[in-house]
$ cat query18.csv   # CSV, C-alpha atoms and all ligand atoms
chain,number,residue,atom,x,y,z
A,3,MET,CA,53.0,34.6,169.1
A,4,TRP,CA,55.8,37.3,169.2
A,5,TYR,CA,58.4,34.9,167.8
A,6,ASN,CA,59.1,32.3,165.3
A,7,ARG,CA,59.6,28.8,166.7
A,8,LEU,CA,60.1,27.2,163.3
A,9,MET,CA,63.9,27.7,163.1
A,10,ASP,CA,66.4,24.9,163.1
A,11,ARG,CA,70.0,25.1,164.1
A,12,ASP,CA,72.7,24.6,161.5
A,13,LEU,CA,75.9,23.9,163.4
A,14,VAL,CA,79.4,24.1,161.9
A,15,LYS,CA,82.3,22.5,163.7
A,16,ILE,CA,85.5,24.1,164.8
A,17,LEU,CA,88.1,22.1,166.8
A,18,SER,CA,85.2,19.8,167.8
A,19,PHE,CA,82.9,22.6,169.0
A,20,GLY,CA,79.6,23.3,167.2
A,21,VAL,CA,78.9,26.9,166.3
A,22,ASP,CA,75.6,28.1,165.0
A,23,SER,CA,75.7,29.6,161.5
A,24,PHE,CA,72.9,32.1,162.0
A,25,THR,CA,73.0,35.7,160.7
A,26,PHE,CA,72.7,38.3,163.4
A,27,ASP,CA,68.9,38.7,162.9
A,28,GLU,CA,68.4,35.0,162.8
A,29,ALA,CA,70.4,34.6,166.1
A,30,VAL,CA,68.2,37.2,167.8
A,31,ASN,CA,65.0,35.5,166.5
A,32,TYR,CA,66.3,32.1,167.6
A,33,ALA,CA,67.2,33.4,171.0
A,34,VAL,CA,63.8,34.9,171.7
A,35,SER,CA,62.0,31.8,170.6
A,36,HIS,CA,64.2,29.2,172.2
A,37,PRO,CA,65.0,29.5,175.9
A,38,GLY,CA,68.3,28.3,177.2
A,39,GLN,CA,72.0,29.2,177.4
A,40,ILE,CA,73.7,31.3,174.8
A,41,VAL,CA,77.5,31.1,174.6
A,42,THR,CA,79.4,33.8,172.7
A,43,ILE,CA,82.4,31.8,171.8
A,44,ASN,CA,86.0,33.1,171.1
A,45,PRO,CA,89.4,31.4,170.6
A,46,GLU,CA,90.4,31.9,174.3
A,47,MET,CA,87.2,30.0,175.3
A,48,ILE,CA,87.9,27.2,172.9
A,49,ALA,CA,91.5,26.9,174.2
A,50,ALA,CA,90.2,26.9,177.8
A,51,ALA,CA,87.5,24.3,177.0
A,52,GLN,CA,90.1,22.0,175.4
A,53,LYS,CA,91.7,21.8,178.8
A,54,ASN,CA,88.5,21.7,180.9
A,55,GLU,CA,86.0,18.9,180.2
A,56,ASP,CA,83.3,20.5,182.3
A,57,PHE,CA,83.6,23.7,180.3
A,58,ALA,CA,83.6,21.8,177.0
A,59,ASN,CA,80.4,20.0,178.1
A,60,ILE,CA,78.7,23.3,178.9
A,61,ILE,CA,79.5,24.7,175.5
A,62,SER,CA,78.4,21.5,173.8
A,63,SER,CA,75.1,21.6,175.6
A,64,ALA,CA,74.4,25.3,175.1
A,65,GLU,CA,71.2,26.0,173.2
A,66,LEU,CA,72.9,28.6,171.0
A,67,VAL,CA,76.6,29.3,170.3
A,68,VAL,CA,77.6,32.4,168.4
A,69,PRO,CA,81.0,33.4,167.0
A,70,ASP,CA,81.8,36.4,169.1
A,71,GLY,CA,84.9,37.7,167.4
A,72,ILE,CA,87.1,37.8,164.3
A,73,GLY,CA,89.2,34.8,165.6
A,74,VAL,CA,86.4,32.3,165.3
A,75,GLU,CA,85.1,33.9,162.0
A,76,ILE,CA,88.6,33.4,160.5
A,77,GLY,CA,88.9,29.9,161.9
A,78,LEU,CA,85.6,28.9,160.3
A,79,LYS,CA,86.7,30.5,157.0
A,80,ILE,CA,89.9,28.4,157.0
A,81,LEU,CA,87.6,25.4,157.4
A,82,GLY,CA,85.5,26.5,154.5
A,83,HIS,CA,82.5,27.9,156.4
A,84,LYS,CA,81.3,31.4,155.7
A,85,VAL,CA,79.8,32.6,159.0
A,86,ARG,CA,79.8,36.2,160.1
A,87,ARG,CA,80.8,37.1,163.7
A,88,ILE,CA,78.1,38.2,166.1
A,89,PRO,CA,79.5,40.5,168.8
A,90,GLY,CA,78.0,39.3,172.2
A,91,ILE,CA,77.6,42.9,173.3
A,92,GLU,CA,75.4,43.7,170.2
A,93,LEU,CA,73.4,40.4,170.6
A,94,GLY,CA,72.8,41.2,174.3
A,95,LYS,CA,71.5,44.7,173.5
A,96,ALA,CA,69.3,43.4,170.7
A,97,LEU,CA,67.8,40.9,173.1
A,98,VAL,CA,67.2,43.6,175.7
A,99,GLU,CA,65.3,45.6,173.1
A,100,LYS,CA,63.2,42.6,172.0
A,101,PHE,CA,62.3,41.5,175.5
A,102,ALA,CA,61.5,45.1,176.5
A,103,GLN,CA,59.2,45.5,173.5
A,104,ASN,CA,57.3,42.4,174.5
A,105,ASN,CA,57.0,43.3,178.2
A,106,LYS,CA,59.3,40.5,179.2
A,107,SER,CA,61.4,40.8,182.4
A,108,VAL,CA,65.2,41.0,182.6
A,109,ALA,CA,67.9,40.4,185.2
A,110,LEU,CA,71.5,41.7,185.2
A,111,ILE,CA,74.3,39.9,187.1
A,112,GLY,CA,77.9,40.9,187.0
A,113,ALA,CA,80.5,43.7,187.0
A,114,LYS,CA,81.2,46.2,189.9
A,115,PRO,CA,78.2,47.4,191.9
A,116,GLU,CA,78.3,51.0,190.5
A,117,VAL,CA,78.8,49.5,187.0
A,118,VAL,CA,75.8,47.2,187.0
A,119,GLN,CA,73.6,50.0,188.5
A,120,ALA,CA,74.7,52.5,185.8
A,121,ALA,CA,74.2,49.8,183.1
A,122,ALA,CA,70.7,49.1,184.3
A,123,SER,CA,69.7,52.7,184.4
A,124,ASN,CA,71.2,53.5,181.0
A,125,LEU,CA,69.3,50.5,179.5
A,126,LYS,CA,66.1,51.7,181.1
A,127,ALA,CA,66.7,55.2,179.6
A,128,GLU,CA,67.3,53.6,176.2
A,129,PHE,CA,64.3,51.2,176.3
A,130,PRO,CA,61.5,52.8,178.3
A,131,GLY,CA,59.3,50.2,179.9
A,132,LEU,CA,62.2,47.8,180.3
A,133,ASN,CA,61.3,45.7,183.4
A,134,ILE,CA,64.5,44.9,185.3
A,135,VAL,CA,63.4,42.5,188.1
A,136,TYR,CA,66.8,41.8,189.6
A,137,SER,CA,70.3,43.2,189.4
A,138,LYS,CA,73.4,42.2,191.3
A,139,ASP,CA,77.1,43.0,191.0
A,140,GLY,CA,79.5,40.1,190.1
A,141,TYR,CA,81.5,40.1,193.3
A,142,PHE,CA,79.7,37.6,195.5
A,143,ASP,CA,80.9,34.4,197.3
A,144,ASN,CA,77.7,32.6,197.7
A,145,ASP,CA,76.4,31.5,194.3
A,146,GLU,CA,73.5,29.6,195.8
A,147,GLU,CA,72.1,32.7,197.4
A,148,VAL,CA,72.2,34.7,194.2
A,149,ILE,CA,70.8,31.8,192.2
A,150,SER,CA,67.8,31.5,194.6
A,151,LYS,CA,67.1,35.3,194.3
A,152,ILE,CA,67.2,35.0,190.5
A,153,ILE,CA,64.8,32.1,190.6
A,154,GLU,CA,62.5,34.0,192.9
A,155,ALA,CA,62.5,37.0,190.5
A,156,SER,CA,62.0,34.6,187.5
A,157,PRO,CA,63.3,36.9,184.7
A,158,ASP,CA,62.6,36.0,181.1
A,159,LEU,CA,66.1,37.2,180.1
A,160,VAL,CA,69.2,36.8,182.2
A,161,LEU,CA,72.3,38.7,181.3
A,162,VAL,CA,75.5,37.5,183.1
A,163,ALA,CA,78.7,39.5,182.9
A,164,LEU,CA,81.2,37.7,185.1
A,165,GLY,CA,83.9,37.0,182.5
A,166,SER,CA,84.5,33.6,181.0
A,167,PRO,CA,84.3,30.8,182.0
A,168,LYS,CA,82.7,31.9,185.3
A,169,GLN,CA,79.6,33.2,183.6
A,170,GLU,CA,79.1,30.0,181.5
A,171,PHE,CA,79.3,27.9,184.7
A,172,PHE,CA,77.0,30.2,186.5
A,173,ILE,CA,74.4,30.1,183.8
A,174,ASN,CA,74.7,26.3,183.6
A,175,SER,CA,73.8,26.0,187.3
A,176,LEU,CA,70.9,28.3,186.8
A,177,LYS,CA,69.3,27.1,183.6
A,178,THR,CA,67.6,23.9,184.9
A,179,HIS,CA,65.8,26.1,187.5
A,180,LEU,CA,64.5,28.5,184.9
A,181,PRO,CA,63.7,26.4,181.8
A,182,ASN,CA,61.7,29.1,180.1
A,183,SER,CA,64.3,31.8,180.3
A,184,THR,CA,67.0,32.9,177.9
A,185,MET,CA,70.5,33.4,179.4
A,186,ILE,CA,73.6,34.9,177.9
A,187,GLY,CA,77.2,35.4,179.1
A,188,LEU,CA,78.3,38.9,178.2
A,189,GLY,CA,81.9,39.4,179.5
A,190,GLY,CA,82.7,43.1,179.9
A,191,SER,CA,79.5,44.5,178.2
A,192,PHE,CA,78.1,46.1,181.4
A,193,ASP,CA,81.3,48.2,181.6
A,194,VAL,CA,80.6,49.5,178.1
A,195,TRP,CA,76.8,50.1,178.8
A,196,ALA,CA,77.6,51.9,182.0
A,197,GLY,CA,80.0,54.2,180.1
A,198,ALA,CA,82.9,53.0,182.2
A,199,VAL,CA,84.8,51.5,179.2
A,200,GLU,CA,84.6,52.6,175.6
A,201,ARG,CA,84.1,50.2,172.7
A,202,ALA,CA,86.7,50.5,169.9
A,203,PRO,CA,85.7,53.0,167.2
A,204,LYS,CA,83.6,51.7,164.4
A,205,PHE,CA,86.7,51.6,162.1
A,206,TYR,CA,88.3,48.9,164.3
A,207,GLN,CA,84.9,47.1,164.7
A,208,ASN,CA,84.3,46.9,161.0
A,209,LEU,CA,87.8,45.5,160.3
A,210,GLY,CA,87.4,42.9,163.1
A,211,MET,CA,90.2,44.6,164.9
A,212,GLU,CA,88.4,45.5,168.2
A,213,TRP,CA,90.8,43.1,170.0
A,214,LEU,CA,93.8,45.0,168.8
A,215,TYR,CA,92.3,48.3,170.0
A,216,ARG,CA,91.4,46.8,173.4
A,217,THR,CA,94.9,45.3,173.8
A,218,VAL,CA,96.7,48.6,173.0
A,219,LYS,CA,94.4,50.4,175.5
A,220,GLU,CA,94.8,47.7,178.1
A,221,PRO,CA,98.2,46.0,177.5
A,222,LYS,CA,97.6,43.4,180.2
A,223,ARG,CA,95.1,41.8,177.9
A,224,PHE,CA,98.0,40.8,175.7
A,225,LYS,CA,98.6,37.6,177.6
A,226,ARG,CA,95.0,36.6,176.9
A,227,ILE,CA,95.5,36.6,173.2
A,228,PHE,CA,99.1,35.6,173.0
A,229,PRO,CA,100.0,32.7,172.4
A,230,THR,CA,96.3,31.6,172.3
A,231,LEU,CA,95.3,33.3,169.1
A,232,PRO,CA,98.3,32.1,166.9
A,233,LEU,CA,98.0,28.6,168.4
A,234,PHE,CA,94.3,28.6,167.7
A,235,VAL,CA,94.9,29.4,164.0
A,236,LEU,CA,97.6,26.7,163.8
A,237,LYS,CA,95.3,24.1,165.3
A,238,VAL,CA,92.5,25.1,162.9
A,239,CYS,CA,94.9,24.8,159.9
A,240,LYS,CA,95.9,21.3,161.2
A,241,GLU,CA,92.2,20.4,161.4
A,242,ARG,CA,91.7,21.5,157.8
A,243,VAL,CA,94.6,19.4,156.6
A,244,TYR,CA,93.5,16.3,158.4
A,245,SER,CA,89.9,16.7,157.4
A,246,LYS,CA,90.8,16.6,153.7
A,301,LIG,N1,83.7,40.3,186.8
A,301,LIG,C1,82.7,40.0,187.8
A,301,LIG,N2,83.1,39.2,188.8
A,301,LIG,C2,84.3,38.6,188.9
A,301,LIG,C3,85.2,38.8,187.8
A,301,LIG,C4,84.9,39.7,186.8
A,301,LIG,O1,81.6,40.6,187.8
A,301,LIG,O2,84.5,37.8,189.8
A,301,LIG,C5,83.3,41.2,185.8
A,301,LIG,C6,84.2,42.4,185.5
A,301,LIG,O3,83.9,43.5,186.4
A,301,LIG,C7,83.9,42.7,184.1
A,301,LIG,C8,83.6,41.4,183.5
A,301,LIG,O4,83.3,40.5,184.6
A,301,LIG,O5,82.8,43.6,184.0
A,301,LIG,C9,84.7,40.7,182.7
A,301,LIG,O6,85.1,41.5,181.8
A,301,LIG,P1,86.2,41.0,180.7
A,301,LIG,O7,86.5,42.2,179.9
A,301,LIG,O8,87.4,40.3,181.5
A,301,LIG,O9,85.5,39.9,180.0
A,301,LIG,P2,85.6,39.3,178.5
A,301,LIG,O10,84.6,40.0,177.7
A,301,LIG,O11,87.0,39.6,178.0
A,301,LIG,O12,85.3,37.9,178.7
$ encode --input "query18.csv" --output "C-alpha cells"
Amino acid sequence: MWYNRLMDRDLVKILSFGVDSFTFDEAVNYAVSHPGQIVTINPEMIAAAQKNEDFANIISSAELVVPDGIGVEIGLKILGHKVRRIPGIELGKALVEKFAQNNKSVALIGAKPEVVQAAASNLKAEFPGLNIVYSKDGYFDNDEEVISKIIEASPDLVLVALGSPKQEFFINSLKTHLPNSTMIGLGGSFDVWAGAVERAPKFYQNLGMEWLYRTVKEPKRFKRIFPTLPLFVLKVCKERVYSK
C-alpha cells in the first residue's frame, strides 16, 4: 500500500470548529490515505460559517480541516493549542506530487480559462507523468453539468479553485458521487501556479505576513480582512476567558 491508513485525527476546537492538529507531512499522509473533503480554513471562512449554517455543516463534516494562515494559528495559540499553519497552496502542490508519483489521476476546476490551462501545463512540466483527466475554468453556470463530467472522468484527486465558500459547496455536492477521491478547495492557487499572480516573498511567508503583502499589492482585499481579523481575535479571546 502506498499510504498509511493507521492515522487518527486529533481535532482542536476554535469558535466551535474542529481543526486537525497534524504537521504538514502528517496532513499530506492523511489526505492521501483518507478520501474526502479537505477544508483549508481561515478567519474569514470561520466568520462566514458563523452566519451560514450550511457552510458550518460542510466544514464540520469535512474529512480534514487544516489551518491555512497565521490567523487560525494565532487563534489556536491563544486557546493554548500549538498547531502550525499549513498553507493550502503548499498542501495542494504536495498532493499533486504524491498522486502523480503513484499514477493517480487529477482534475483541476476553477480560475479563468487561460489560468487553469497554464496551471495544468506547468504542473505537468513539474511532475512528468502527471495524469490530468479533466480541467475546467471556474466560470460556469451549470454546476450539474460540470459535476457529471468530473464523475465521468473519476479523478483520484480533485483540486477546486473557485474561492470560498463556493469551492466548499461545490466539493460537498461532488463528494458523495466520488467516495474514493480526495478533494481540496484551493482559493487563488491556480493563479499562482499559472504564473499570473506571485506569492509573497519567503520573508513574508516565514513571518506569517503573506496576507499583509497580498493586501498591499491588492488593496481591495482590505475589506476581506478588516474588520473580520480583529473581530476574530476578539471572539477567540472571549472564548478563552469563558472556557477557563
Ligand atoms: N473564481 C472562479 N470562479 C468564480 C469566482 C472566482 O473560478 O466564480 C476563481 C478566481 O479566478 C480565482 C479564485 O477563484 O482564481 C479565487 O481566488 P481568491 O484569491 O479570491 O481566493 P482566496 O484564496 O482568497 O479564497
$ residues_around --input "query18.csv" --residues "Pro45 (chain A)" --least-positions-apart "5" --cutoff "9 Å" --atoms "only C-alpha atoms" --output "ChimeraX atom specification"
/A:50,71,73-74,77,227,230-231,234-235
$ residues_near_ligand --input "query18.csv" --ligand "ligand LIG 301 (chain A)" --cutoff "6 Å" --atoms "only C-alpha atoms and all ligand atoms" --output "MDAnalysis selection string"
chainID A and resid 112:114 140:141 163:166 189:190 192:193
$ residues_around --input "query18.csv" --residues "Leu110 (chain A)" --least-positions-apart "2" --cutoff "12 Å" --atoms "all atoms listed in the file" --output "PyMOL selection string"
chain A and resi 94+98+107-108+112-115+117-123+125+133-140+148+151-152+155+157-164+169+185-188+191-192+195
$ closest_residue --input "query18.csv" --among "A:Lys126, A:Arg87, A:Lys237, A:Lys177" --to "Asn44 (chain A)" --atoms "all atoms listed in the file"
A:Arg87
$ residues_around --input "query18.csv" --residues "Ile72 (chain A)" --least-positions-apart "3" --cutoff "9 Å" --atoms "all atoms listed in the file" --output "JSON, numbers by chain"
{"A": [44, 69, 75, 76, 77, 86, 87, 209, 210, 211, 212, 213]}
$ atom_distance --input "query18.csv" --atom1 "CA of Ile48 (chain A)" --atom2 "CA of Lys100 (chain A)"
29.1 Å
$ closest_residue --input "query18.csv" --among "A:Leu180, A:Asp70, A:Glu65, A:Asn208" --to "Pro89 (chain A)" --atoms "all atoms listed in the file"
A:Asp70
$ closest_residue --input "query18.csv" --among "A:Asn144, A:Ser183, A:Asn124, A:Thr178" --to "Gly197 (chain A)" --atoms "all atoms listed in the file"
A:Asn124
$ atom_distance --input "query18.csv" --atom1 "CA of Tyr32 (chain A)" --atom2 "CA of Glu146 (chain A)"
29.2 Å
$ closest_residue --input "query18.csv" --among "A:Val21, A:Val199, A:Ala29, A:Ala49" --to "Val67 (chain A)" --atoms "all atoms listed in the file"
A:Val21
$ closest_residue --input "query18.csv" --among "A:Lys204, A:His179, A:Arg223, A:Lys168" --to "Asp56 (chain A)" --atoms "only C-alpha atoms"
A:Lys168
$ atom_distance --input "query18.csv" --atom1 "CA of Phe19 (chain A)" --atom2 "CA of Ala51 (chain A)"
9.4 Å
$ closest_residue --input "query18.csv" --among "A:Leu93, A:Leu13, A:Leu81, A:Met47" --to "Val34 (chain A)" --atoms "all atoms listed in the file"
A:Leu93
$ residues_near_point --input "query18.csv" --point "(58.9, 44.8, 174.5)" --cutoff "10 Å" --atoms "only C-alpha atoms" --output "number ranges by chain"
A: 4, 97-107, 129-133
$ axis_aligned_box --input "query18.csv" --around "region 28-36 of chain A" --padding-each-side "6 Å" --output "AutoDock Vina command-line options"
--center_x 66.2 --center_y 33.2 --center_z 167.5 --size_x 20.4 --size_y 20.0 --size_z 21.4
